[in-house]
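So this block is coords29.cif, mmCIF, C-alpha atoms:
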data_structure
#
loop_
_atom_site.label_atom_id
_atom_site.label_comp_id
_atom_site.auth_asym_id
_atom_site.auth_seq_id
_atom_site.Cartn_x
_atom_site.Cartn_y
_atom_site.Cartn_z
CA MET V 204 -211.85 -52.59 29.31
CA ALA V 205 -209.85 -55.80 29.09
CA SER V 206 -212.37 -57.84 27.15
CA MET V 207 -215.81 -57.64 25.66
CA GLN V 208 -218.55 -60.14 24.87
CA GLU V 209 -219.49 -60.75 21.27
CA GLN V 210 -222.86 -62.24 20.32
CA ASN V 211 -223.16 -64.56 17.34
CA TRP V 212 -226.12 -66.58 16.13
CA ASP V 213 -225.79 -70.22 15.19
CA LEU V 214 -227.04 -70.80 11.65
CA GLU V 215 -228.85 -74.05 12.39
CA SER V 216 -230.30 -73.58 15.87
CA GLY V 217 -230.59 -69.82 16.03
CA ASP V 218 -229.12 -69.87 19.55
CA CYS V 219 -227.10 -66.97 20.80
CA ILE V 220 -223.42 -67.74 21.36
CA GLN V 221 -221.37 -65.59 23.73
CA LYS V 222 -217.69 -65.28 22.91
CA GLU V 223 -215.03 -63.40 24.81
CA THR V 224 -212.76 -61.34 22.61
CA SER V 225 -209.84 -59.19 23.54
CA SER V 226 -210.39 -55.52 22.93
CA SER V 227 -206.75 -55.06 22.05
CA SER V 228 -206.94 -57.62 19.27
CA GLN V 229 -210.00 -56.00 17.77
CA THR V 230 -208.42 -52.65 17.00
CA PRO V 231 -209.79 -51.89 13.55
CA SER V 232 -207.29 -51.48 10.75
CA SER V 233 -207.70 -49.22 7.76
CA SER V 234 -208.49 -52.22 5.55
CA ILE V 235 -211.39 -53.22 7.79
CA LEU V 236 -212.74 -49.66 7.97
CA SER V 237 -212.17 -48.90 4.30
CA SER V 238 -215.76 -49.31 3.14
CA SER V 239 -217.69 -49.37 6.41
CA PHE V 240 -219.36 -46.05 5.65
CA LEU V 241 -220.85 -47.54 2.48
CA ARG V 242 -222.76 -50.06 4.58
CA ARG V 243 -226.15 -49.63 6.11
CA ARG V 244 -226.27 -49.82 9.89
CA PRO V 245 -227.49 -53.32 10.77
CA ASN V 246 -230.67 -53.77 12.76
CA GLN V 247 -229.72 -54.19 16.41
CA GLU V 248 -232.85 -56.23 17.25
CA ARG V 249 -232.64 -59.96 18.01
CA PRO V 250 -232.32 -61.92 14.75
CA PRO V 251 -235.19 -64.22 13.81
CA VAL V 252 -234.94 -67.74 15.21
CA GLY V 253 -234.97 -70.66 12.80
CA MET V 254 -232.82 -71.72 9.92
CA PHE V 255 -234.99 -70.25 7.15
CA LYS V 256 -235.52 -66.96 8.91
CA GLN V 257 -231.84 -66.78 9.71
CA PHE V 258 -231.10 -67.33 6.03
CA LEU V 259 -233.44 -64.48 5.11
CA ASN V 260 -231.75 -62.26 7.68
CA ASN V 261 -228.31 -63.07 6.24
CA LEU V 262 -229.64 -62.51 2.73
CA ARG V 263 -230.80 -59.04 3.75
CA LEU V 264 -227.47 -58.22 5.39
CA VAL V 265 -225.39 -59.46 2.46
CA PHE V 266 -227.31 -57.96 -0.44
CA LEU V 267 -229.05 -54.94 1.09
CA GLY V 268 -226.35 -54.01 3.60
CA THR V 269 -224.56 -51.70 1.16
CA LYS V 270 -225.50 -48.44 -0.49
CA LEU V 271 -224.25 -49.94 -3.74
CA CYS V 272 -227.18 -52.39 -3.71
CA VAL V 273 -228.85 -50.29 -6.43
CA LEU V 274 -226.33 -51.83 -8.85
CA ILE V 275 -227.10 -55.45 -7.87
CA PRO V 276 -229.92 -55.83 -10.50
CA ALA V 277 -227.20 -55.51 -13.15
CA ILE V 278 -225.87 -58.94 -12.10
CA PRO V 279 -228.90 -61.09 -13.07
CA LEU V 280 -229.48 -58.96 -16.17
CA ALA V 281 -225.94 -59.65 -17.38
CA ILE V 282 -226.19 -63.39 -16.66
CA LEU V 283 -229.61 -63.76 -18.28
CA GLY V 284 -228.58 -61.66 -21.25
CA GLN V 285 -225.52 -63.82 -21.85
CA CYS V 286 -227.19 -67.18 -21.23
CA TYR V 287 -230.43 -66.62 -23.14
CA GLY V 288 -229.18 -64.15 -25.73
CA PHE V 289 -231.96 -61.58 -25.37
CA MET V 290 -229.24 -58.89 -25.49
CA THR V 291 -227.93 -59.06 -29.01
CA ARG V 292 -225.34 -56.34 -28.43
CA GLN V 293 -222.36 -57.59 -26.50
CA GLN V 294 -221.42 -54.12 -25.27
CA TRP V 295 -224.48 -54.15 -22.99
CA ILE V 296 -223.31 -57.44 -21.47
CA PHE V 297 -219.96 -55.76 -20.85
CA ALA V 298 -221.54 -52.68 -19.26
CA LEU V 299 -223.88 -54.65 -17.00
CA SER V 300 -221.12 -57.05 -15.93
CA LEU V 301 -218.83 -54.12 -15.14
CA LEU V 302 -221.51 -52.42 -13.04
CA GLY V 303 -222.30 -55.67 -11.25
CA LEU V 304 -218.67 -56.08 -10.17
CA ALA V 305 -218.78 -52.88 -8.07
CA PRO V 306 -221.19 -54.09 -5.33
CA LEU V 307 -219.70 -57.59 -5.46
CA ALA V 308 -216.22 -56.22 -4.72
CA GLU V 309 -217.56 -54.34 -1.69
CA ARG V 310 -219.55 -57.33 -0.46
CA MET V 311 -216.55 -59.66 -0.76
CA SER V 312 -214.59 -57.21 1.38
CA PHE V 313 -217.44 -57.18 3.91
CA LEU V 314 -217.62 -60.99 4.09
CA THR V 315 -213.85 -61.28 4.44
CA GLU V 316 -214.01 -58.88 7.38
CA GLN V 317 -216.81 -60.93 8.98
CA ILE V 318 -214.66 -64.07 8.78
CA ALA V 319 -211.73 -62.12 10.23
CA TYR V 320 -213.66 -61.50 13.47
CA PHE V 321 -213.64 -65.26 14.16
CA THR V 322 -210.07 -66.06 13.09
CA GLY V 323 -208.08 -63.61 15.20
CA PRO V 324 -206.10 -60.53 14.18
CA THR V 325 -203.23 -62.33 12.43
CA VAL V 326 -205.29 -64.69 10.26
CA GLY V 327 -207.84 -61.93 9.73
CA GLY V 328 -205.12 -59.61 8.57
CA LEU V 329 -203.84 -62.23 6.15
CA LEU V 330 -207.36 -62.71 4.79
CA ASN V 331 -207.77 -59.00 4.24
CA ALA V 332 -204.32 -58.79 2.69
CA THR V 333 -204.92 -61.62 0.21
CA CYS V 334 -208.63 -61.07 -0.54
CA GLY V 335 -208.70 -57.27 -0.49
CA ASN V 336 -208.32 -57.13 -4.27
CA ALA V 337 -209.89 -60.48 -5.11
CA THR V 338 -211.96 -58.94 -7.90
CA GLU V 339 -208.88 -57.65 -9.72
CA LEU V 340 -207.13 -61.00 -9.24
CA ILE V 341 -210.05 -63.02 -10.62
CA LEU V 342 -210.40 -60.66 -13.58
CA ALA V 343 -206.66 -60.97 -14.26
CA LEU V 344 -206.79 -64.76 -14.16
CA PHE V 345 -209.66 -64.89 -16.66
CA ALA V 346 -207.80 -62.51 -18.98
CA LEU V 347 -204.82 -64.83 -18.62
CA ARG V 348 -206.92 -67.86 -19.47
CA GLU V 349 -208.09 -66.12 -22.65
CA ARG V 350 -204.44 -65.23 -23.43
CA LYS V 351 -205.34 -61.52 -23.41
CA ILE V 352 -202.07 -60.48 -21.83
CA LEU V 353 -202.39 -56.78 -22.58
CA VAL V 354 -205.85 -56.57 -21.03
CA LEU V 355 -204.41 -58.17 -17.90
CA LYS V 356 -201.43 -55.80 -17.79
CA TYR V 357 -203.51 -52.69 -18.43
CA SER V 358 -206.16 -53.58 -15.85
CA LEU V 359 -203.59 -54.19 -13.10
CA LEU V 360 -201.58 -51.09 -14.01
CA GLY V 361 -204.79 -49.08 -14.06
CA SER V 362 -205.72 -50.29 -10.58
CA VAL V 363 -202.39 -49.06 -9.19
CA LEU V 364 -202.70 -45.70 -10.96
CA SER V 365 -206.31 -45.32 -9.85
CA ASN V 366 -205.47 -45.89 -6.19
CA LEU V 367 -202.40 -43.64 -6.21
CA LEU V 368 -203.80 -40.72 -8.19
CA LEU V 369 -207.60 -40.81 -8.39
CA VAL V 370 -208.57 -42.35 -5.05
CA LEU V 371 -205.88 -40.63 -3.01
CA GLY V 372 -206.08 -37.40 -5.00
CA SER V 373 -209.85 -36.96 -4.71
CA SER V 374 -209.66 -37.85 -1.01
CA LEU V 375 -207.00 -35.22 -0.31
CA PHE V 376 -208.85 -32.65 -2.43
CA LEU V 377 -212.29 -33.10 -0.86
CA GLY V 378 -210.82 -33.63 2.61
CA GLY V 379 -208.84 -30.42 2.27
CA LEU V 380 -211.91 -28.44 1.21
CA ALA V 381 -213.96 -29.87 4.09
CA ASN V 382 -211.25 -29.04 6.63
CA LEU V 383 -209.97 -25.67 5.40
CA LYS V 384 -209.65 -24.30 8.92
CA MET V 385 -207.95 -27.41 10.28
CA GLU V 386 -204.48 -28.80 9.75
CA GLN V 387 -204.65 -32.22 8.14
CA THR V 388 -201.77 -34.39 9.30
CA PHE V 389 -200.96 -38.08 9.07
CA ASP V 390 -198.31 -40.53 10.22
CA ARG V 391 -195.62 -40.81 7.56
CA LYS V 392 -194.43 -44.26 8.68
CA GLN V 393 -197.15 -46.17 6.84
CA ALA V 394 -196.74 -44.04 3.70
CA ASP V 395 -192.95 -44.55 3.73
CA VAL V 396 -193.27 -48.34 3.92
CA ASN V 397 -195.76 -48.50 1.06
CA SER V 398 -193.71 -46.08 -1.05
CA LEU V 399 -190.61 -48.27 -0.65
CA LEU V 400 -192.49 -51.37 -1.79
CA LEU V 401 -194.00 -49.53 -4.76
CA LEU V 402 -190.52 -48.37 -5.79
CA LEU V 403 -189.27 -51.95 -5.55
CA GLY V 404 -192.15 -53.05 -7.76
CA LEU V 405 -191.27 -50.27 -10.21
CA LEU V 406 -187.68 -51.55 -10.37
CA CYS V 407 -188.98 -55.03 -11.25
CA HIS V 408 -190.90 -53.47 -14.17
CA VAL V 409 -188.11 -51.20 -15.37
CA LEU V 410 -185.39 -53.86 -15.58
CA PRO V 411 -187.22 -56.19 -18.05
CA LEU V 412 -188.13 -53.09 -20.10
CA ILE V 413 -184.52 -51.89 -20.26
CA PHE V 414 -183.22 -55.43 -20.81
CA GLY V 415 -185.50 -55.98 -23.79
CA ASN V 416 -184.75 -52.59 -25.34
CA SER V 417 -180.99 -52.77 -24.80
CA ILE V 418 -180.67 -55.21 -27.71
CA GLU V 419 -181.08 -54.09 -31.29
CA PRO V 420 -184.39 -55.37 -32.75
CA GLN V 421 -182.63 -57.11 -35.67
CA LEU V 422 -180.37 -58.92 -33.19
CA LEU V 423 -183.17 -59.94 -30.82
CA ASP V 424 -183.72 -63.69 -30.95
CA ASP V 425 -185.83 -66.21 -29.05
CA MET V 426 -183.10 -66.70 -26.43
CA ASP V 427 -183.12 -62.99 -25.54
CA GLN V 428 -186.94 -62.96 -25.34
CA ASN V 429 -186.85 -65.99 -23.06
CA SER V 430 -184.30 -64.19 -20.90
CA VAL V 431 -186.76 -61.34 -20.39
CA VAL V 432 -189.46 -63.81 -19.39
CA TRP V 433 -187.16 -65.62 -16.96
CA LEU V 434 -186.01 -62.31 -15.49
CA SER V 435 -189.68 -61.41 -14.96
CA ARG V 436 -190.40 -64.74 -13.30
CA THR V 437 -187.40 -64.35 -10.99
CA SER V 438 -188.49 -60.81 -10.17
CA GLY V 439 -192.03 -62.03 -9.51
CA ILE V 440 -190.79 -64.55 -6.95
CA LEU V 441 -188.71 -61.88 -5.23
CA MET V 442 -191.72 -59.52 -5.22
CA LEU V 443 -193.76 -62.17 -3.43
CA VAL V 444 -190.94 -62.60 -0.90
CA ALA V 445 -190.98 -58.84 -0.33
CA TYR V 446 -194.75 -58.87 0.06
CA GLY V 447 -194.50 -61.69 2.59
CA ALA V 448 -191.96 -59.65 4.57
CA TYR V 449 -194.34 -56.70 4.36
CA LEU V 450 -197.18 -58.78 5.80
CA PHE V 451 -194.96 -59.99 8.66
CA PHE V 452 -193.94 -56.38 9.30
CA GLN V 453 -197.56 -55.21 9.19
CA LEU V 454 -199.20 -57.99 11.18
CA ARG V 455 -196.54 -59.00 13.69
CA THR V 456 -193.62 -56.68 14.40
CA HIS V 457 -194.95 -53.18 13.61
CA ARG V 458 -198.72 -53.42 13.80
CA GLN V 459 -198.91 -49.99 15.42
CA PHE V 460 -197.93 -48.37 12.10
CA PHE V 461 -201.06 -49.70 10.41
CA GLU V 462 -203.68 -49.61 13.16
CA ALA V 463 -206.44 -47.04 12.85
CA GLU V 464 -206.66 -44.89 15.92
CA GLY V 465 -209.15 -42.39 17.19
CA GLU V 466 -212.42 -44.04 16.12
CA ASP V 467 -215.44 -43.22 18.22
CA GLU V 468 -217.81 -45.76 19.75
CA ASP V 469 -220.36 -45.52 16.95
CA GLU V 470 -217.76 -46.47 14.35
CA LEU V 471 -216.49 -49.34 16.46
CA SER V 472 -220.01 -50.66 16.99
CA GLU V 473 -220.50 -50.79 13.23
CA ASN V 474 -217.46 -53.03 12.95
CA GLU V 475 -218.74 -56.06 14.85
CA ALA V 476 -219.61 -59.44 13.40
CA VAL V 477 -223.23 -59.47 12.24
CA ILE V 478 -223.32 -62.96 10.68
CA GLY V 479 -221.75 -66.27 11.68
CA PHE V 480 -218.48 -67.71 10.42
CA TRP V 481 -219.94 -70.45 8.20
CA SER V 482 -222.62 -68.16 6.83
CA ALA V 483 -219.94 -65.63 5.84
CA PHE V 484 -217.77 -68.37 4.33
CA ILE V 485 -220.61 -69.81 2.23
CA TRP V 486 -221.66 -66.37 1.00
CA LEU V 487 -218.03 -65.54 0.18
CA VAL V 488 -217.72 -68.68 -1.96
CA ALA V 489 -220.98 -67.80 -3.74
CA MET V 490 -219.82 -64.22 -4.34
CA THR V 491 -216.51 -65.48 -5.71
CA ILE V 492 -218.34 -67.69 -8.22
CA ILE V 493 -220.50 -64.77 -9.36
CA VAL V 494 -217.45 -62.51 -9.69
CA ALA V 495 -215.78 -65.22 -11.79
CA ILE V 496 -218.82 -65.40 -14.08
CA LEU V 497 -218.99 -61.64 -14.56
CA SER V 498 -215.21 -61.42 -15.03
CA GLU V 499 -215.47 -63.97 -17.83
CA TYR V 500 -218.18 -61.85 -19.47
CA VAL V 501 -216.08 -58.68 -19.14
CA VAL V 502 -213.01 -60.29 -20.69
CA GLY V 503 -215.02 -61.92 -23.47
CA THR V 504 -216.94 -58.78 -24.50
CA ILE V 505 -214.33 -56.06 -24.05
CA GLU V 506 -213.45 -56.02 -27.76
CA ALA V 507 -217.11 -55.72 -28.74
CA ALA V 508 -217.52 -52.79 -26.35
CA SER V 509 -214.39 -51.16 -27.77
CA ASP V 510 -215.63 -51.48 -31.35
CA SER V 511 -219.13 -50.25 -30.51
CA TRP V 512 -218.14 -47.30 -28.34
CA LYS V 513 -215.15 -46.35 -30.52
CA ILE V 514 -212.91 -46.39 -27.44
CA SER V 515 -209.59 -48.19 -27.40
CA VAL V 516 -209.21 -51.38 -25.39
CA SER V 517 -206.28 -49.78 -23.58
CA PHE V 518 -208.49 -46.96 -22.24
CA ILE V 519 -211.25 -49.35 -21.17
CA SER V 520 -208.79 -51.69 -19.43
CA LEU V 521 -206.63 -49.00 -17.83
CA ILE V 522 -209.30 -46.45 -16.85
CA LEU V 523 -212.85 -47.83 -16.84
CA LEU V 524 -212.22 -51.25 -15.28
CA PRO V 525 -210.21 -49.94 -12.29
CA ILE V 526 -212.63 -47.06 -11.60
CA VAL V 527 -215.55 -49.48 -11.26
CA GLY V 528 -213.48 -52.06 -9.38
CA ASN V 529 -212.26 -49.47 -6.86
CA ALA V 530 -215.61 -47.72 -6.43
CA ALA V 531 -216.19 -48.98 -2.87
CA GLU V 532 -212.65 -48.19 -1.72
CA HIS V 533 -212.86 -44.81 -3.43
CA ALA V 534 -216.01 -43.79 -1.58
CA GLY V 535 -214.74 -45.07 1.77
CA SER V 536 -211.42 -43.28 1.36
CA VAL V 537 -213.12 -39.97 0.56
CA ILE V 538 -215.46 -40.23 3.54
CA PHE V 539 -212.59 -40.80 5.95
CA ALA V 540 -210.72 -37.85 4.45
CA LEU V 541 -213.79 -35.67 4.99
CA LYS V 542 -213.66 -36.71 8.65
CA ASN V 543 -209.98 -35.67 8.78
CA LYS V 544 -208.77 -39.27 9.26
CA LEU V 545 -206.03 -39.35 6.68
CA ASP V 546 -204.21 -42.33 8.22
CA ILE V 547 -207.15 -44.53 7.25
CA THR V 548 -207.37 -42.89 3.82
CA LEU V 549 -203.69 -43.61 3.17
CA GLY V 550 -204.11 -47.17 4.42
CA VAL V 551 -206.90 -47.72 1.90
CA ALA V 552 -205.30 -46.12 -1.17
CA LEU V 553 -201.64 -47.00 -0.67
CA GLY V 554 -202.40 -50.42 0.83
CA SER V 555 -204.49 -51.43 -2.18
CA ALA V 556 -201.90 -50.13 -4.67
CA THR V 557 -199.13 -52.01 -2.86
CA GLN V 558 -201.16 -55.22 -2.78
CA ILE V 559 -201.82 -55.13 -6.51
CA SER V 560 -198.25 -54.19 -7.41
CA MET V 561 -196.48 -56.64 -5.09
CA PHE V 562 -198.99 -59.51 -4.90
CA VAL V 563 -201.51 -59.63 -7.76
CA VAL V 564 -198.99 -58.78 -10.51
CA PRO V 565 -196.34 -61.37 -9.53
CA VAL V 566 -199.03 -64.00 -8.88
CA SER V 567 -200.27 -63.43 -12.44
CA VAL V 568 -196.72 -63.96 -13.76
CA ILE V 569 -196.30 -67.17 -11.73
CA VAL V 570 -199.71 -68.52 -12.78
CA ALA V 571 -198.89 -67.74 -16.42
CA TRP V 572 -195.65 -69.67 -15.93
CA THR V 573 -197.59 -72.75 -14.74
CA MET V 574 -199.90 -72.42 -17.76
CA GLY V 575 -197.00 -72.21 -20.18
CA ILE V 576 -197.73 -68.58 -21.09
CA PRO V 577 -194.63 -66.37 -21.53
CA MET V 578 -195.89 -63.34 -19.59
CA ASP V 579 -193.26 -60.81 -18.53
CA LEU V 580 -193.13 -57.66 -16.44
CA ASP V 581 -192.38 -55.45 -19.44
CA PHE V 582 -195.52 -53.32 -19.52
CA GLY V 583 -194.17 -51.02 -22.23
CA LEU V 584 -192.28 -47.74 -22.21
CA LEU V 585 -195.34 -45.47 -22.00
CA GLU V 586 -197.08 -47.56 -19.37
CA THR V 587 -194.02 -48.01 -17.16
CA SER V 588 -193.24 -44.29 -17.38
CA CYS V 589 -196.76 -43.45 -16.18
CA LEU V 590 -196.35 -45.86 -13.29
CA GLY V 591 -192.96 -44.44 -12.32
CA PHE V 592 -194.07 -40.81 -12.40
CA SER V 593 -197.21 -41.68 -10.40
CA ILE V 594 -195.22 -43.40 -7.63
CA ILE V 595 -192.67 -40.58 -7.44
CA LEU V 596 -195.38 -37.90 -7.47
CA THR V 597 -197.28 -39.67 -4.70
CA ALA V 598 -194.12 -40.06 -2.61
CA PHE V 599 -193.34 -36.34 -2.93
CA THR V 600 -196.95 -35.49 -2.06
CA LEU V 601 -196.76 -37.42 1.23
CA GLN V 602 -193.20 -36.60 2.27
CA ASP V 603 -193.99 -33.82 4.80
CA GLY V 604 -196.74 -35.56 6.79
CA ASN V 605 -199.49 -32.98 6.14
CA SER V 606 -202.03 -32.36 3.44
CA HIS V 607 -204.09 -29.63 1.80
CA TYR V 608 -206.44 -29.56 -1.14
CA ILE V 609 -203.86 -28.43 -3.73
CA LYS V 610 -202.07 -31.77 -3.36
CA GLY V 611 -205.29 -33.52 -4.25
CA VAL V 612 -205.75 -31.23 -7.25
CA VAL V 613 -202.29 -32.12 -8.59
CA LEU V 614 -202.87 -35.88 -8.17
CA CYS V 615 -206.31 -35.76 -9.82
CA LEU V 616 -205.05 -33.68 -12.75
CA SER V 617 -202.15 -36.10 -13.18
CA TYR V 618 -204.66 -38.94 -13.46
CA ALA V 619 -206.68 -36.91 -15.98
CA VAL V 620 -203.56 -36.38 -18.12
CA ILE V 621 -202.81 -40.13 -18.10
CA ALA V 622 -206.45 -40.92 -18.93
CA ALA V 623 -206.34 -38.48 -21.87
CA CYS V 624 -203.10 -40.07 -23.07
CA PHE V 625 -204.61 -43.54 -23.22
CA PHE V 626 -207.85 -42.24 -24.69
CA PHE V 627 -205.88 -41.14 -27.75
CA HIS V 628 -203.66 -44.23 -27.58
CA LYS V 629 -205.47 -46.30 -30.19
CA MET V 630 -204.26 -49.81 -29.57
CA PRO V 631 -205.83 -52.00 -32.28
CA ALA V 632 -208.00 -54.87 -31.15
CA GLY V 633 -207.47 -58.45 -32.20
CA GLU V 634 -204.13 -60.21 -32.07
CA SER V 635 -202.38 -57.35 -30.26
CA LEU V 636 -204.43 -58.13 -27.14
CA TYR V 637 -202.89 -61.54 -26.76
CA GLN V 638 -199.20 -60.69 -26.62
CA ARG V 639 -197.10 -57.54 -26.72
#
Translate the structure of the given file into structure tokens.
Amino acid sequence: MASMQEQNWDLESGDCIQKETSSSSQTPSSSILSSSFLRRRPNQERPPVGMFKQFLNNLRLVFLGTKLCVLIPAIPLAILGQCYGFMTRQQWIFALSLLGLAPLAERMSFLTEQIAYFTGPTVGGLLNATCGNATELILALFALRERKILVLKYSLLGSVLSNLLLVLGSSLFLGGLANLKMEQTFDRKQADVNSLLLLLGLLCHVLPLIFGNSIEPQLLDDMDQNSVVWLSRTSGILMLVAYGAYLFFQLRTHRQFFEAEGEDEDELSENEAVIGFWSAFIWLVAMTIIVAILSEYVVGTIEAASDSWKISVSFISLILLPIVGNAAEHAGSVIFALKNKLDITLGVALGSATQISMFVVPVSVIVAWTMGIPMDLDFGLLETSCLGFSIILTAFTLQDGNSHYIKGVVLCLSYAVIAACFFFHKMPAGESLYQR
């Protein structure tokens, strides 16, 4: 079928608008399908006519269109508790804000996908590439504003580790158990590209670490410290150049490597625009504001939660924050693995890890530069070692193009070992959060 008609409803008049779209340009990518199974199937009946009724219909789709909607009440509770002070314990503000970020992250992904249906495959791909981890980026920027550099570094590092080991590992494990009598295979091309970019990102972390530790501590002066910062800034710019080349490779020259194939008609029907462009844009702006508010609460109360729960800030930032932030992607990745669609699973896990490593991290360094904050890419010996072993272990896991459940077991246990390491890694709160 050369083309298909898409129905959209005008927000003001409620009139039905027919739009011709090319079926070839609407081939769903793994980023678009990543959390579709978390969403409730929209009502196929004609939407109510009228601006107010249309608003109610959009409200239902945005807030009740996900199975994570049970966590949405945590959002107003956190805001009211912080504004009116009826929650005297700051750790509860932290917990509620953290829970509220999970459905917001999934809904922002949903709204970005809705906008992508109206902008074409290239612009839509760019939107998904830049907004796919918007929650992590906003949280990082608020940590940067509060000068909590270590919280920023740990949260971003934890997101990469979570995607590589926990999300991918649990998907391969559960997918392998569900398909014991079937051979699980995938296309190695996408995994190879992401592995190369992750290794490049690792190099940009290792060099500032080695540079800073190659000088004796008693001989280290301000000039040498500034050299590490400038090396990190230069590396950050080059990482963004590499990420731009990756987007051009993904969206223009080699799109076939990243397109999801083999979806049935029911899955394709779930991936059609259900709200209009301007409605999706307005809701996306509103969601971004709410995410910013909750991110500010999380950053401001993380030390109180650490003191109350007797858990180090490093464990909370590296383990708890990424698990909640990646909850929607995690569930979607597992469901696709259960359906023996590992290409989509790899696109979700590896794509998100690559985006954080090659886009969010260097953007944080550049933004810190504009704010006059000397942030570098030296994440520490222990942290960089965990990142390096995780990337290498993932690359070896995916090198033969097939999967079974023991690979998932190894990745999950590796994540558990790293989590245990940082659970016993008692980084003191206070001044140490602001600069390494």
Show which residues sit within 10 Å of Ala530 in chain V, as JSON, numbers by chain. Count all atoms listed in the file, and ignore same-chain residues fewer than 6 positions away. {"V": [238, 271, 304, 305, 306, 308, 309, 370, 536]}
Can you turn the PyMOL selection byres ((chain V and resi 541) around 7) into a concrete residue list for this file, as number ranges by chain? V: 377-378, 381, 537-540, 542-543
Residue members of the PyMOL selection byres ((chain V and resi 394) around 10) in the file shown, as a list in words: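 Selected by the PyMOL selection byres ((chain V and resi 394) around 10) in this file: Phe389, Asp390, Arg391, Lys392, Gln393, Asp395, Val396, Asn397, Ser398, Leu399, Phe460, Phe461, Asp546, Leu549, Gly550, Leu553, Gly554, Thr597, Ala598, Leu601, Gln602 and Gly604 of chain V.
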May I have the protein, DNA and RNA residues with any atom at most 8 Å from the point (-203.4, -33.6, 2.4), counting all atoms listed in the file, written as JSON, numbers by chain? {"V": [375, 376, 378, 379, 387, 388, 545, 601, 605, 606, 607, 608, 610, 611]}
Step by step: start from the point (-199.3, -43.8, -17.4) in the file's coordinates, keep every protein, DNA or RNA residue that has an atom no farther than 12 Å from it, count only C-alpha atoms, and write the set as a PyMOL selection string. chain V and resi 357+360-365+367-368+517-518+521-522+582-594+617-626+628
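With all atoms listed in the file as the basis for measurement, V:Glu339 is the residue among V:Asp510, V:Asp603, V:Glu339, V:Asp581 that approaches Ser555 in chain V most closely.
Take the candidates V:Ala531, V:Val568, V:Val409, V:Leu401 and check each one against Thr437 in chain V using all atoms listed in the file; the shortest distance goes to V:Val568.
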What does the distance from CA of Ala277 in chain V to CA of Asn336 in chain V come to in Å, to one decimal?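 Straight-line distance from CA of Ala277 in chain V to CA of Asn336 in chain V works out to 20.9 Å.
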At what distance in Å, to one decimal, does CA of Leu340 in chain V lie from CA of Val566 in chain V?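 So the two atoms, CA of Val566 in chain V and CA of Leu340 in chain V, lie 8.6 Å apart.
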Quick one: everything within 7 Å of Val431 in chain V, counting only C-alpha atoms, minus sequence neighbours fewer than 5 positions away in the same chain. Send it as a ChimeraX atom specification. /V:411,414-415,579
Please determine, counting all atoms listed in the file, which residue among V:Ile559, V:Met385, V:Ala534, V:Leu355 has the shortest atom-to-atom distance to Met578 in chain V. V:Leu355
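A straight line drawn from CA of Ala489 in chain V to CA of Leu307 in chain V is 10.4 Å long.
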Expected selection from the PyMOL selection byres ((chain V and resi 572) around 12), given as an mmCIF file with C-alpha atoms, in the coordinates of the input:
data_model
loop_
_atom_site.group_PDB
_atom_site.id
_atom_site.type_symbol
_atom_site.label_atom_id
_atom_site.label_comp_id
_atom_site.auth_asym_id
_atom_site.auth_seq_id
_atom_site.Cartn_x
_atom_site.Cartn_y
_atom_site.Cartn_z
ATOM 1 C CA LEU V 347 -204.820 -64.830 -18.620
ATOM 2 C CA ARG V 348 -206.920 -67.860 -19.470
ATOM 3 C CA ASN V 429 -186.850 -65.990 -23.060
ATOM 4 C CA VAL V 432 -189.460 -63.810 -19.390
ATOM 5 C CA TRP V 433 -187.160 -65.620 -16.960
ATOM 6 C CA SER V 435 -189.680 -61.410 -14.960
ATOM 7 C CA ARG V 436 -190.400 -64.740 -13.300
ATOM 8 C CA THR V 437 -187.400 -64.350 -10.990
ATOM 9 C CA GLY V 439 -192.030 -62.030 -9.510
ATOM 10 C CA ILE V 440 -190.790 -64.550 -6.950
ATOM 11 C CA PRO V 565 -196.340 -61.370 -9.530
ATOM 12 C CA VAL V 566 -199.030 -64.000 -8.880
ATOM 13 C CA SER V 567 -200.270 -63.430 -12.440
ATOM 14 C CA VAL V 568 -196.720 -63.960 -13.760
ATOM 15 C CA ILE V 569 -196.300 -67.170 -11.730
ATOM 16 C CA VAL V 570 -199.710 -68.520 -12.780
ATOM 17 C CA ALA V 571 -198.890 -67.740 -16.420
ATOM 18 C CA THR V 573 -197.590 -72.750 -14.740
ATOM 19 C CA MET V 574 -199.900 -72.420 -17.760
ATOM 20 C CA GLY V 575 -197.000 -72.210 -20.180
ATOM 21 C CA ILE V 576 -197.730 -68.580 -21.090
ATOM 22 C CA PRO V 577 -194.630 -66.370 -21.530
ATOM 23 C CA MET V 578 -195.890 -63.340 -19.590
ATOM 24 C CA ASP V 579 -193.260 -60.810 -18.530
#
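Among the candidates V:Gly404, V:Gly535, V:Gly503, V:Pro276, the residue lying nearest to Met561 in chain V is V:Gly404 (atoms considered: all atoms listed in the file).
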